[in-house]
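**Student:** Have a look at this one.
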Number of protein chains: 2
Amino acid sequence: MTDFEQKFNELVISESGDAVPVKTVVFKPKTPKSSTPVPIVVIALQSTTTPSALIGSATNSKDPRLARDEFFKEHYNVDSAKDFHLGHVRRYSGTQSILMDKELAALSDESVLKLNDVLYIKKANLVNEYLVPIGATEVDFSKAVEAPKKEKAVASKKQEKAAAVDSKLIGITVNKASDFSGWYQQILTKGEMLDYYDVSGCYILRPASYAIWEQIQRWFDDRIKGLGVQNAYFPMFVSSRVLEKEKDHIEGFAPEVAWVTRAGSSELEEPIAIRPTSETVMYPYYAKWIQSHRDLPIKLNQWNSVVRWEFKHPQPFLRTREFLWQEGHTAHLTKEDAEEEVMQILDFYAGVYEELLAVPVVKGRKTEKEKFAGGDFTTTCEGYIPQTGRGIQGATSHHLGQNFSKMFNISVENPLGSEHPKIFAYQNSWGLSTRVIGVMVMIHSDDKGLVIPPRVSQYQTVVLPLGITAKTSDEQRATIHENARAIESRLKKVGIRAFGDYNDNYTPGWKFSQYELKGIPLRIEIGPKDVEKQQVTCVRRNDGKKIVVSISDLENRIPEILEEMQADLFNKAKELFDTHRVIVDEWEGFVPALNKKNVILSPWCGVEECEEDIKSASAKKDDGEEFEVDDKSPSMGAKSLCIPFKQPTLKPGQKCVKCTRLAQHYCMFGRSY
Amino acid sequence: MTDFEQKFNELVISESGDAVPVKTVVFKPKTPKSSTPVPIVVIALQSTTTPSALIGSATNSKDPRLARDEFFKEHYNVDSAKDFHLGHVRRYSGTQSILMDKELAALSDESVLKLNDVLYIKKANLVNEYLVPIGATEVDFSKAVEAPKKEKAVASKKQEKAAAVDSKLIGITVNKASDFSGWYQQILTKGEMLDYYDVSGCYILRPASYAIWEQIQRWFDDRIKGLGVQNAYFPMFVSSRVLEKEKDHIEGFAPEVAWVTRAGSSELEEPIAIRPTSETVMYPYYAKWIQSHRDLPIKLNQWNSVVRWEFKHPQPFLRTREFLWQEGHTAHLTKEDAEEEVMQILDFYAGVYEELLAVPVVKGRKTEKEKFAGGDFTTTCEGYIPQTGRGIQGATSHHLGQNFSKMFNISVENPLGSEHPKIFAYQNSWGLSTRVIGVMVMIHSDDKGLVIPPRVSQYQTVVLPLGITAKTSDEQRATIHENARAIESRLKKVGIRAFGDYNDNYTPGWKFSQYELKGIPLRIEIGPKDVEKQQVTCVRRNDGKKIVVSISDLENRIPEILEEMQADLFNKAKELFDTHRVIVDEWEGFVPALNKKNVILSPWCGVEECEEDIKSASAKKDDGEEFEVDDKSPSMGAKSLCIPFKQPTLKPGQKCVKCTRLAQHYCMFGRSY
């Protein structure tokens, strides 16, 4: 042991108290092979972020990076970073750069430091004996870019206990009714569905939301495979030449396309786009693969993400710059086949909403103005958000006709023989995105947090042992826990997504709030009396209703209760949509109905100019309940949502709600997302 | 009907013969709302690509796009594009731009044109009566960018018949042994697993390969969920600040990062990277989410794509600029927990190779030089490609230690109490990519095409009715077909991925070649005699062995046969790997063994410089059988592949194969991908 190591050991104290955690990190700058790198030692508060870039500029060195064990061996004669301490720094005879955190320097001399979680030392000793003699440079790391800020949250037992006292602090602090936007953000983040990300318009899908997406994927994927659709994967990149091939189609996307122009430090010869959708990515290959009418139909689907760099205000799930979806692209020999599929897919989309997400939708056709650019017609299912009274497009299934097949030359010889005209394929495309999750959350959730329909929720039920107090004997406690665990295990065996929370450090009240916040559909409670009676008490998340179930009947009753909840959620949402979808035949009733948070069914002439008139004429009277700030529609007018397939009967000679032309059909109008 | 329409109708002829298909397409340029757009009519050969950009420059108009039906109504008084013909163009009194394909102009005057698949007209009449009077401009569309070229392929019945005569024409035209690289490309594209894409280094995964990926996903996903791993989705974008936070880690990726610098027509304030891997994407959020030791472990996985813009020669599946993978990222309270998981995951990876893909692998640890930068150690499973004698890294599972957790401050209070030092999480990351499919293809496939192990292949068996000739009665034919369909249906019912080919237009020989090319594991043939005897003849793709199975025994026997094939494929590959993994203790035997297409187990000192010496000393003697041209390794030396967990016994005092130091262990070396 050298003098310096000896000395270091003498300074080490055993006191711990309120020691301030300090880290010692060694960096190696990038140097040519021929020269020896100068070690950079950073001594900083553990809480201080010490990014390489700042370290590089402070030491005037290139690309400093965390030293590996070899580097420690070479320079400090220790086996690894773990064995390294300041004694080694002091001893080192070569050139070193030493950086000291300004915040560390600012501590009082008497502060006790906890070095790398192991050794304790007084701040004055550290600085005077180690840092001053070797010439440490003070660095203000606070200039560094911050990692996402840690939220105030449960960090220690003490804090947990405190939190349990008032669980509302970590719950939702705003009302759905009074601040819908703030409420939406809070339930998503506090309910741990989603987190905000440091690239604007992008969000993290945490397991609670991704699991819902997985349920949807499985359900929908099974069904389309039943139609003969196959999954594939096409690249996310599109060359600008190909992207711009179908102008009519791409016009809608061009302002939102993200362009890659550089790889590493090389500029690309030509910028490459990230797909906003894959029509132009895929169809040149359809043209290549489809040679004979026997190659038709071709039915491909992909589960991927697409990028639309919108500059409007982003909204989690509803409007995001990258989102997950599926996009199906099919080509058929006949228009009839293609059209049949368009409707089958639309039914599946409605099924995702109604059967899985308990969200009622109205199926219909988009107007010419609102249809998919470049297609023949667009079918859609449209939802409704009661709080804002706005409609929301659910998912769309397009018939593209022969527009793309002519553009990309997707054609086959006529099956009747080559003397008959060549046939251009009839194409469809259809897509459903993670937007569905946002719609579901907006509709069912409440002031306590998320409400998730049991069919899609990551977990369907939580089993909670209750009634354990200071007086409970160890034996009683064990019996309750045993019963609870047996229940969890039996439910899992019959395919219920169950988990138990057997942690005694949290109060039942705290747990109730947590699982209500996260939207676990069913809480199964078991206390001492339940054990005696061999029963459990189930509490439904959606309405708080309690149901006592005999333990012997669990496997039958729990799935039933979950299905009842699913149905109740749907029926409640359906009633709200049904009562807020009103028929208005005369214009004078239109805006007042709209302002009462309705969507409106009105007789309509089908003329695009009239559609625009309706929008602008209904725009001025904003009721101040806008959900989001949207520059392009500060006082939003009613758009056409769809021409519903289920039509009220038009009276003979019925005029358009807005103009003097004859009505063609009823059209659903509304403010919308 | 106007004169012009009348006139047009008169010119229309009924002759069809060798008519040249011609299209008439109408474009609308982008114009301010206040002015009327000038229609652009393009008359071109159907085979000519007519991109908007060229049309725009030829007419000096902005963003021309395909006209919608409204536009036809407004300008030509027809309901839709479908009703539109040149008579309408001639009649139109406003300004129009008419563009004529140069290739059309070049046709002889007597050529008969087929207009929009409907009307026939002589070329001279069209030009003189319609195009000349209204002043058509000739345009050379051949300057336009080509759509991917159509391969010569089966396009009509006649051609199909011709193709059937020599099915080898559409089969693989090179040998695996003599042109491995050409063979690999052909089996992938002709076997319809993959197609080349117009962005270099990116490939299309067609259903045959994506279905294999889905099988792997299901298998692996079930297993990691069993370990408590949850799926999530993090954005594909990373800000440069965050990406560069862990320099040591990112150094390996920086030269390959693709940067988005523009969205629509706006330059981004800061370029944004596309993830090459997600450590730096995810870990700032781990730091935020992990507040208490009760938040540990956190185990997240994502199925996504990543981009590494490599400038080396790309290889389908093996080295691609975008690839699909899963990346697992976990954080644990203790090193033991983390390390246990590293090994569990590695076992799953070996399971994907050995149990699903029938590819034998060697498990081991990477050397310090080859480990994941920024991690503590890397475990790997390594495969072997017999044709090239090269090793190939299969999948890696890394223990990151506390390197990232210290950098990102992923830490918790000590569970022993706040008076004990804070604990930085112990982290792992692990990934398996679509590269596995390439390895599988290289190992099992042969000169007839793909050979796919039954457990992962999209279809496991094709049912073929045989022995139907001109003499076969309709009744006999029907009986054979009925039997075949019943077999298909019975196999599907027991979960076999079966399909039938009941098309009588192709010869059995043609079908055999097709399904051998595509690697359908088992062909089930049923002919008249089979029907009599109530049996089928099964032919194994991997070795052509025939097995007669009684129809009554199908449900038992077919799954057995598939499992036997799976085992045989694995055993054959394992024998090749085992016999080409040789122990070499002395350096003089090293390069000769390498040149015999072996990978080598040698005693090794564990020193990085020695590893580099071995590589350079084994580099010169290239045997000319390089699979790919790779600038960085024109005469590739042997790299360390791994230090296998299963070790030969080191003799006492055993020296390193290359230097004079004592050997630490046996290390596996080889030329590699």
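Convention: chains lettered A, B, ... in structure tokens order; per-chain residue numbering from 1; ligands numbered from 1 as shown.
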Which residues, written as a PyMOL selection string, have at least one atom at most 12 Å from His444 in chain A, with only C-alpha atoms counted and residues fewer than 2 positions away on the same chain left out?
**Tutor:** chain A and resi 176+184+187+357-360+384-387+437-442+446-454+519+521+541-543+565-566+568-574+576
**Student:** Output as an MDAnalysis selection string all residues of range 313-448 of chain A that backbone DSSP marks as alpha helix (DSSP H).
**Tutor:** chainID A and resid 335:351 403:408 435:444
**Student:** Just the residues within 8 Å of range 423-427 of chain B, please, counting only C-alpha atoms, with nothing from its chain fewer than 2 positions along; format it as a list in words.
**Tutor:** Asp117 of chain A; His329, Thr330, Ala331, His332, Leu333, Thr334, Lys335, Ala338, His399, Leu400, Gly401, Gln402, Phe404, Ser405, Lys406, Asn409, Ile410, Ser411, Val412, Glu413, Asn414, Pro421 and Ser429 of chain B
**Student:** Pick the closest to chain A from B:Thr277, B:Ser239, B:Ser108, B:Thr472: which is it, counting only C-alpha atoms?
**Tutor:**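 So, comparing all the options, the nearest one is B:Ser239.
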**Student:** Find the distance between CA of Val229 in chain A and CA of Glu214 in chain B and write it in Å to one decimal.
**Tutor:**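 Separating CA of Val229 in chain A from CA of Glu214 in chain B is a distance of 14.2 Å.
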**Student:** Can you tell me, as number ranges by chain, what residues are no more than 8 Å from range 599-612 of chain A when counting only C-alpha atoms, ignoring any on the same chain fewer than 2 positions away?
**Tutor:** A: 367-369, 384, 389-391, 580-585, 590, 593-594, 597, 614-616, 639-640, 650, 654-659, 661-671
**Student:** Please produce a file of those selected residues containing N, CA, C and O atoms, as a compact mmCIF listing (two decimals), in the first residue's frame.
**Tutor:**
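result_0.txt, freshly written:
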```txt
# COMPACT_ATOMS: atom_id res chain seq x y z
N THR A 367 -67.91 11.52 -47.35
CA THR A 367 -68.27 12.32 -48.52
C THR A 367 -67.05 12.39 -49.44
O THR A 367 -65.93 12.07 -49.05
N GLU A 368 -67.27 12.88 -50.66
CA GLU A 368 -66.17 13.03 -51.62
C GLU A 368 -65.07 13.92 -51.05
O GLU A 368 -63.89 13.67 -51.25
N LYS A 369 -65.48 14.95 -50.31
CA LYS A 369 -64.50 15.87 -49.73
C LYS A 369 -63.63 15.19 -48.68
O LYS A 369 -62.45 15.47 -48.56
N TYR A 384 -68.01 8.94 -30.85
CA TYR A 384 -68.52 10.18 -30.27
C TYR A 384 -67.97 10.33 -28.85
O TYR A 384 -68.00 9.39 -28.05
N GLY A 389 -68.64 16.59 -26.97
CA GLY A 389 -69.68 16.57 -27.99
C GLY A 389 -69.14 16.44 -29.39
O GLY A 389 -69.81 16.77 -30.37
N ARG A 390 -67.90 15.97 -29.50
CA ARG A 390 -67.28 15.89 -30.82
C ARG A 390 -67.26 14.47 -31.36
O ARG A 390 -67.14 13.50 -30.61
N GLY A 391 -67.40 14.38 -32.66
CA GLY A 391 -67.25 13.10 -33.32
C GLY A 391 -65.79 12.76 -33.47
O GLY A 391 -64.92 13.63 -33.40
N HIS A 580 -77.33 11.68 -28.17
CA HIS A 580 -76.65 12.89 -28.67
C HIS A 580 -76.42 12.84 -30.17
O HIS A 580 -75.55 13.51 -30.71
N ARG A 581 -77.20 12.00 -30.82
CA ARG A 581 -77.15 11.97 -32.29
C ARG A 581 -78.57 12.34 -32.73
O ARG A 581 -79.47 11.50 -32.70
N VAL A 582 -78.73 13.60 -33.07
CA VAL A 582 -80.10 14.09 -33.25
C VAL A 582 -80.37 14.43 -34.72
O VAL A 582 -79.47 14.83 -35.46
N ILE A 583 -81.62 14.23 -35.11
CA ILE A 583 -82.01 14.55 -36.47
C ILE A 583 -82.44 16.01 -36.52
O ILE A 583 -83.27 16.44 -35.72
N VAL A 584 -81.83 16.76 -37.42
CA VAL A 584 -82.19 18.18 -37.59
C VAL A 584 -82.46 18.40 -39.07
O VAL A 584 -81.56 18.24 -39.90
N ASP A 585 -83.69 18.74 -39.41
CA ASP A 585 -84.04 18.91 -40.82
C ASP A 585 -83.89 20.36 -41.30
O ASP A 585 -83.72 20.62 -42.48
N PHE A 590 -79.76 23.68 -36.42
CA PHE A 590 -78.47 22.99 -36.58
C PHE A 590 -77.43 23.42 -35.54
O PHE A 590 -76.94 22.61 -34.75
N ALA A 593 -78.28 22.76 -31.83
CA ALA A 593 -78.11 21.34 -31.49
C ALA A 593 -76.63 21.00 -31.34
O ALA A 593 -76.23 20.27 -30.43
N LEU A 594 -75.85 21.54 -32.25
CA LEU A 594 -74.40 21.33 -32.20
C LEU A 594 -73.83 21.83 -30.88
O LEU A 594 -73.03 21.16 -30.24
N LYS A 597 -73.66 19.87 -27.66
CA LYS A 597 -72.77 18.70 -27.72
C LYS A 597 -73.40 17.50 -28.40
O LYS A 597 -73.26 16.36 -27.93
N ILE A 614 -71.71 24.61 -44.67
CA ILE A 614 -72.18 24.14 -43.36
C ILE A 614 -71.08 24.32 -42.33
O ILE A 614 -71.30 24.78 -41.22
N LYS A 615 -69.87 23.99 -42.76
CA LYS A 615 -68.74 24.09 -41.83
C LYS A 615 -68.53 25.54 -41.39
O LYS A 615 -68.41 25.83 -40.20
N SER A 616 -68.50 26.43 -42.38
CA SER A 616 -68.18 27.81 -41.98
C SER A 616 -69.36 28.46 -41.26
O SER A 616 -69.15 29.23 -40.32
N LYS A 639 -68.03 19.37 -39.45
CA LYS A 639 -67.63 18.68 -40.67
C LYS A 639 -68.61 17.55 -40.93
O LYS A 639 -69.32 17.10 -40.02
N SER A 640 -68.61 17.07 -42.15
CA SER A 640 -69.37 15.85 -42.39
C SER A 640 -68.56 14.71 -41.80
O SER A 640 -67.36 14.61 -42.03
N LEU A 650 -85.95 9.65 -45.89
CA LEU A 650 -86.10 11.01 -46.41
C LEU A 650 -87.55 11.25 -46.79
O LEU A 650 -88.17 10.41 -47.44
N GLN A 654 -87.78 16.34 -49.76
CA GLN A 654 -87.00 16.92 -48.66
C GLN A 654 -85.82 17.72 -49.20
O GLN A 654 -85.03 17.23 -49.98
N LYS A 655 -85.71 18.96 -48.72
CA LYS A 655 -84.61 19.82 -49.14
C LYS A 655 -83.39 19.58 -48.25
O LYS A 655 -83.51 19.10 -47.12
N CYS A 656 -82.24 19.96 -48.76
CA CYS A 656 -80.99 19.96 -47.99
C CYS A 656 -81.14 20.87 -46.77
O CYS A 656 -81.82 21.89 -46.84
N VAL A 657 -80.50 20.51 -45.68
CA VAL A 657 -80.62 21.29 -44.46
C VAL A 657 -80.08 22.71 -44.64
O VAL A 657 -80.49 23.64 -43.94
N LYS A 658 -79.17 22.89 -45.60
CA LYS A 658 -78.49 24.17 -45.69
C LYS A 658 -78.85 24.96 -46.95
O LYS A 658 -78.94 26.18 -46.92
N CYS A 659 -79.08 24.25 -48.05
CA CYS A 659 -79.30 24.97 -49.30
C CYS A 659 -80.67 24.60 -49.87
O CYS A 659 -81.46 23.92 -49.23
N ARG A 661 -81.20 22.85 -52.63
CA ARG A 661 -81.20 21.65 -53.46
C ARG A 661 -81.97 20.53 -52.76
O ARG A 661 -82.17 20.54 -51.55
N LEU A 662 -82.34 19.54 -53.56
CA LEU A 662 -82.98 18.36 -52.98
C LEU A 662 -81.96 17.58 -52.16
O LEU A 662 -80.80 17.47 -52.54
N ALA A 663 -82.41 17.01 -51.05
CA ALA A 663 -81.52 16.18 -50.25
C ALA A 663 -81.30 14.84 -50.94
O ALA A 663 -82.23 14.29 -51.54
N GLN A 664 -80.08 14.35 -50.88
CA GLN A 664 -79.77 13.03 -51.44
C GLN A 664 -79.87 11.94 -50.38
O GLN A 664 -80.21 10.81 -50.66
N HIS A 665 -79.49 12.31 -49.18
CA HIS A 665 -79.49 11.35 -48.06
C HIS A 665 -79.27 12.14 -46.78
O HIS A 665 -78.99 13.34 -46.81
N TYR A 666 -79.38 11.43 -45.66
CA TYR A 666 -79.00 12.03 -44.39
C TYR A 666 -77.49 11.89 -44.23
O TYR A 666 -76.92 10.84 -44.53
N CYS A 667 -76.87 12.96 -43.77
CA CYS A 667 -75.44 12.94 -43.52
C CYS A 667 -75.22 13.29 -42.05
O CYS A 667 -75.97 14.08 -41.48
N MET A 668 -74.22 12.64 -41.44
CA MET A 668 -73.92 12.93 -40.04
C MET A 668 -72.85 14.01 -39.99
O MET A 668 -71.78 13.86 -40.55
N PHE A 669 -73.19 15.13 -39.31
CA PHE A 669 -72.26 16.25 -39.16
C PHE A 669 -71.87 16.40 -37.69
O PHE A 669 -72.64 16.03 -36.80
N GLY A 670 -70.72 16.96 -37.45
CA GLY A 670 -70.36 17.26 -36.07
C GLY A 670 -69.03 17.97 -35.99
O GLY A 670 -68.24 17.94 -36.94
N ARG A 671 -68.81 18.62 -34.86
CA ARG A 671 -67.44 19.03 -34.57
C ARG A 671 -66.66 17.75 -34.37
O ARG A 671 -67.22 16.74 -33.97
```
**Student:** Name the closest residue to Phe408 in chain A among the candidates A:Met282, A:Met236, A:Val531, A:Leu115; distances are taken between atoms, counting only C-alpha atoms.
**Tutor:** A:Met282
**Student:** Quick one: DSSP strand (DSSP E) residues in range 585-672 of chain B, as a list in words?
**Tutor:**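 Written out, the strand (DSSP E) residues of range 585-672 of chain B are Val599, Ile600, Leu601, Ser602, Pro603, Trp604, Lys639, Ser640, Leu641, Cys642, Ile643, Pro644, His665, Tyr666, Cys667, Met668, Phe669 and Gly670 of chain B.
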**Student:** To one decimal place in Å, what is the distance between CA of Lys492 in chain A and CA of Ala211 in chain A?
**Tutor:** 16.8 Å
**Student:** Might you pull out every residue within 8 Å of range 205-207 of chain A, with only C-alpha atoms counted and same-chain residues fewer than 3 positions away left off, and present them as a list in words?
**Tutor:**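 The neighbour list is Glu192, Met193, Leu194, Asp195, Tyr210, Ala211 and Gln458 of chain A; Gln230, Asn231, Ala232, Tyr233, Phe234 and Leu300 of chain B.
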**Student:** Could you dump the residues just selected with all heavy atoms as a CSV table (one decimal), in the first residue's frame?
**Tutor:**
```
chain,number,residue,atom,x,y,z
A,192,GLU,N,-50.4,5.1,-15.8
A,192,GLU,CA,-49.2,4.4,-16.4
A,192,GLU,C,-49.5,3.7,-17.7
A,192,GLU,O,-49.0,2.7,-18.0
A,192,GLU,CB,-48.7,3.4,-15.4
A,192,GLU,CG,-48.2,4.1,-14.1
A,192,GLU,CD,-47.4,3.2,-13.2
A,192,GLU,OE1,-47.4,2.0,-13.4
A,192,GLU,OE2,-46.9,3.7,-12.2
A,193,MET,N,-50.4,4.4,-18.5
A,193,MET,CA,-50.6,3.9,-19.9
A,193,MET,C,-49.5,4.4,-20.8
A,193,MET,O,-49.2,3.8,-21.8
A,193,MET,CB,-51.9,4.4,-20.4
A,193,MET,CG,-53.1,3.6,-19.9
A,193,MET,SD,-54.4,3.9,-21.1
A,193,MET,CE,-54.8,2.2,-21.5
A,194,LEU,N,-49.1,5.6,-20.5
A,194,LEU,CA,-48.4,6.4,-21.6
A,194,LEU,C,-47.5,7.4,-20.8
A,194,LEU,O,-47.8,7.8,-19.7
A,194,LEU,CB,-49.4,7.1,-22.4
A,194,LEU,CG,-48.9,8.1,-23.4
A,194,LEU,CD1,-49.8,8.0,-24.7
A,194,LEU,CD2,-49.2,9.5,-22.9
A,195,ASP,N,-46.3,7.7,-21.4
A,195,ASP,CA,-45.5,8.8,-20.9
A,195,ASP,C,-45.2,9.7,-22.0
A,195,ASP,O,-45.1,9.3,-23.2
A,195,ASP,CB,-44.3,8.3,-20.2
A,195,ASP,CG,-43.9,9.2,-19.0
A,195,ASP,OD1,-44.3,10.4,-19.0
A,195,ASP,OD2,-43.3,8.6,-18.0
A,210,TYR,N,-49.9,-0.9,-24.3
A,210,TYR,CA,-49.5,-1.8,-25.3
A,210,TYR,C,-50.2,-3.2,-25.2
A,210,TYR,O,-50.5,-3.8,-26.2
A,210,TYR,CB,-48.0,-2.0,-25.3
A,210,TYR,CG,-47.4,-2.6,-26.5
A,210,TYR,CD1,-47.2,-1.8,-27.6
A,210,TYR,CD2,-47.2,-4.0,-26.7
A,210,TYR,CE1,-46.8,-2.4,-28.8
A,210,TYR,CE2,-46.8,-4.6,-27.8
A,210,TYR,CZ,-46.6,-3.7,-28.9
A,210,TYR,OH,-46.2,-4.3,-30.1
A,211,ALA,N,-50.5,-3.6,-24.0
A,211,ALA,CA,-51.2,-4.9,-23.8
A,211,ALA,C,-52.6,-4.8,-24.5
A,211,ALA,O,-53.1,-5.8,-25.0
A,211,ALA,CB,-51.4,-5.2,-22.3
A,458,GLN,N,-55.1,-5.2,-19.6
A,458,GLN,CA,-53.9,-6.0,-19.4
A,458,GLN,C,-54.1,-7.0,-18.2
A,458,GLN,O,-53.9,-8.2,-18.4
A,458,GLN,CB,-52.7,-5.1,-19.0
A,458,GLN,CG,-51.4,-5.9,-18.9
A,458,GLN,CD,-50.2,-5.0,-18.5
A,458,GLN,OE1,-50.4,-3.9,-17.9
A,458,GLN,NE2,-49.0,-5.5,-18.7
B,230,GLN,N,-42.8,-7.6,-19.9
B,230,GLN,CA,-44.0,-6.9,-20.5
B,230,GLN,C,-43.6,-6.2,-21.8
B,230,GLN,O,-42.5,-5.7,-21.9
B,230,GLN,CB,-44.6,-5.9,-19.6
B,230,GLN,CG,-45.1,-6.5,-18.3
B,230,GLN,CD,-45.7,-5.5,-17.4
B,230,GLN,OE1,-45.2,-4.4,-17.2
B,230,GLN,NE2,-46.9,-5.8,-16.9
B,231,ASN,N,-44.5,-6.2,-22.8
B,231,ASN,CA,-44.2,-5.5,-24.0
B,231,ASN,C,-44.6,-4.1,-23.9
B,231,ASN,O,-45.5,-3.7,-23.2
B,231,ASN,CB,-44.9,-6.2,-25.2
B,231,ASN,CG,-44.2,-7.5,-25.6
B,231,ASN,OD1,-43.0,-7.6,-25.4
B,231,ASN,ND2,-44.9,-8.4,-26.2
B,232,ALA,N,-43.8,-3.2,-24.6
B,232,ALA,CA,-44.1,-1.8,-24.6
B,232,ALA,C,-43.7,-1.2,-26.0
B,232,ALA,O,-43.1,-2.0,-26.8
B,232,ALA,CB,-43.4,-1.1,-23.5
B,233,TYR,N,-43.9,0.0,-26.2
B,233,TYR,CA,-43.4,0.6,-27.5
B,233,TYR,C,-42.9,2.0,-27.2
B,233,TYR,O,-43.6,2.9,-26.7
B,233,TYR,CB,-44.5,0.7,-28.6
B,233,TYR,CG,-43.8,1.1,-29.9
B,233,TYR,CD1,-43.2,0.2,-30.7
B,233,TYR,CD2,-43.9,2.5,-30.3
B,233,TYR,CE1,-42.5,0.6,-31.8
B,233,TYR,CE2,-43.3,2.8,-31.5
B,233,TYR,CZ,-42.6,1.9,-32.2
B,233,TYR,OH,-42.0,2.3,-33.4
B,234,PHE,N,-41.6,2.2,-27.5
B,234,PHE,CA,-40.9,3.5,-27.3
B,234,PHE,C,-40.8,4.1,-28.7
B,234,PHE,O,-40.6,3.4,-29.7
B,234,PHE,CB,-39.6,3.4,-26.7
B,234,PHE,CG,-39.6,3.1,-25.2
B,234,PHE,CD1,-40.1,1.9,-24.7
B,234,PHE,CD2,-39.3,4.1,-24.3
B,234,PHE,CE1,-40.1,1.7,-23.3
B,234,PHE,CE2,-39.4,3.9,-22.9
B,234,PHE,CZ,-39.8,2.7,-22.4
B,300,LEU,N,-38.9,-4.8,-19.6
B,300,LEU,CA,-39.7,-4.4,-20.8
B,300,LEU,C,-39.1,-5.0,-22.1
B,300,LEU,O,-37.8,-5.1,-22.2
B,300,LEU,CB,-39.8,-2.9,-20.9
B,300,LEU,CG,-40.5,-2.1,-19.8
B,300,LEU,CD1,-40.6,-0.7,-20.1
B,300,LEU,CD2,-41.9,-2.7,-19.5
```
**Student:** Can you tell me, as a list in words, what residues are no more than 9 Å from Val362 in chain B when counting only C-alpha atoms, ignoring any on the same chain fewer than 4 positions away?
**Tutor:**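 Skipping anything fewer than 4 positions along the chain leaves Ala350, Thr380, Cys381, Glu382, Gly383, Cys642, Pro644, Phe645 and Lys646 of chain B.
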**Student:** Only C-alpha atoms, please: the residues just picked out, written as a PDB file, in the first residue's frame.
**Tutor:**
```pdb
ATOM      1  CA  ALA B 350     -30.549 -21.021 -28.396  1.00  0.00           C
ATOM      2  CA  THR B 380     -23.973 -15.104 -27.384  1.00  0.00           C
ATOM      3  CA  CYS B 381     -25.040 -18.074 -29.398  1.00  0.00           C
ATOM      4  CA  GLU B 382     -22.898 -18.628 -32.449  1.00  0.00           C
ATOM      5  CA  GLY B 383     -23.821 -20.520 -35.574  1.00  0.00           C
ATOM      6  CA  CYS B 642     -16.984 -16.637 -28.226  1.00  0.00           C
ATOM      7  CA  PRO B 644     -17.789 -21.352 -25.139  1.00  0.00           C
ATOM      8  CA  PHE B 645     -19.452 -22.284 -21.864  1.00  0.00           C
ATOM      9  CA  LYS B 646     -18.681 -25.917 -22.616  1.00  0.00           C
TER      10      LYS B 646
END
```
**Student:** Pick from A:Asn503, A:Ser142, A:Ser457, A:Ser489: nearest to chain B, with only C-alpha atoms counted?
**Tutor:**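 Closest to chain B of all the choices is A:Asn503.
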**Student:** How many Å separate CA of Pro648 in chain A from CA of Ala567 in chain A?
**Tutor:**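 A separation of 26.4 Å between them.
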**Student:** Would you please work out which residue, of B:Glu110, B:Leu104, B:Ala470, B:Glu575, is nearest to Lys122 in chain B when using only C-alpha atoms?
**Tutor:**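 Answer, going by the shortest atom-to-atom distance: B:Glu110.
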**Student:** Mind checking which residues fall within 12 Å of Val199 in chain B, counting only C-alpha atoms, ignoring those fewer than 5 positions away in the same chain, and posting them as a PyMOL selection string?
**Tutor:** (chain A and resi 234-243+268-274+281) or (chain B and resi 148+204+309+314+320-322)
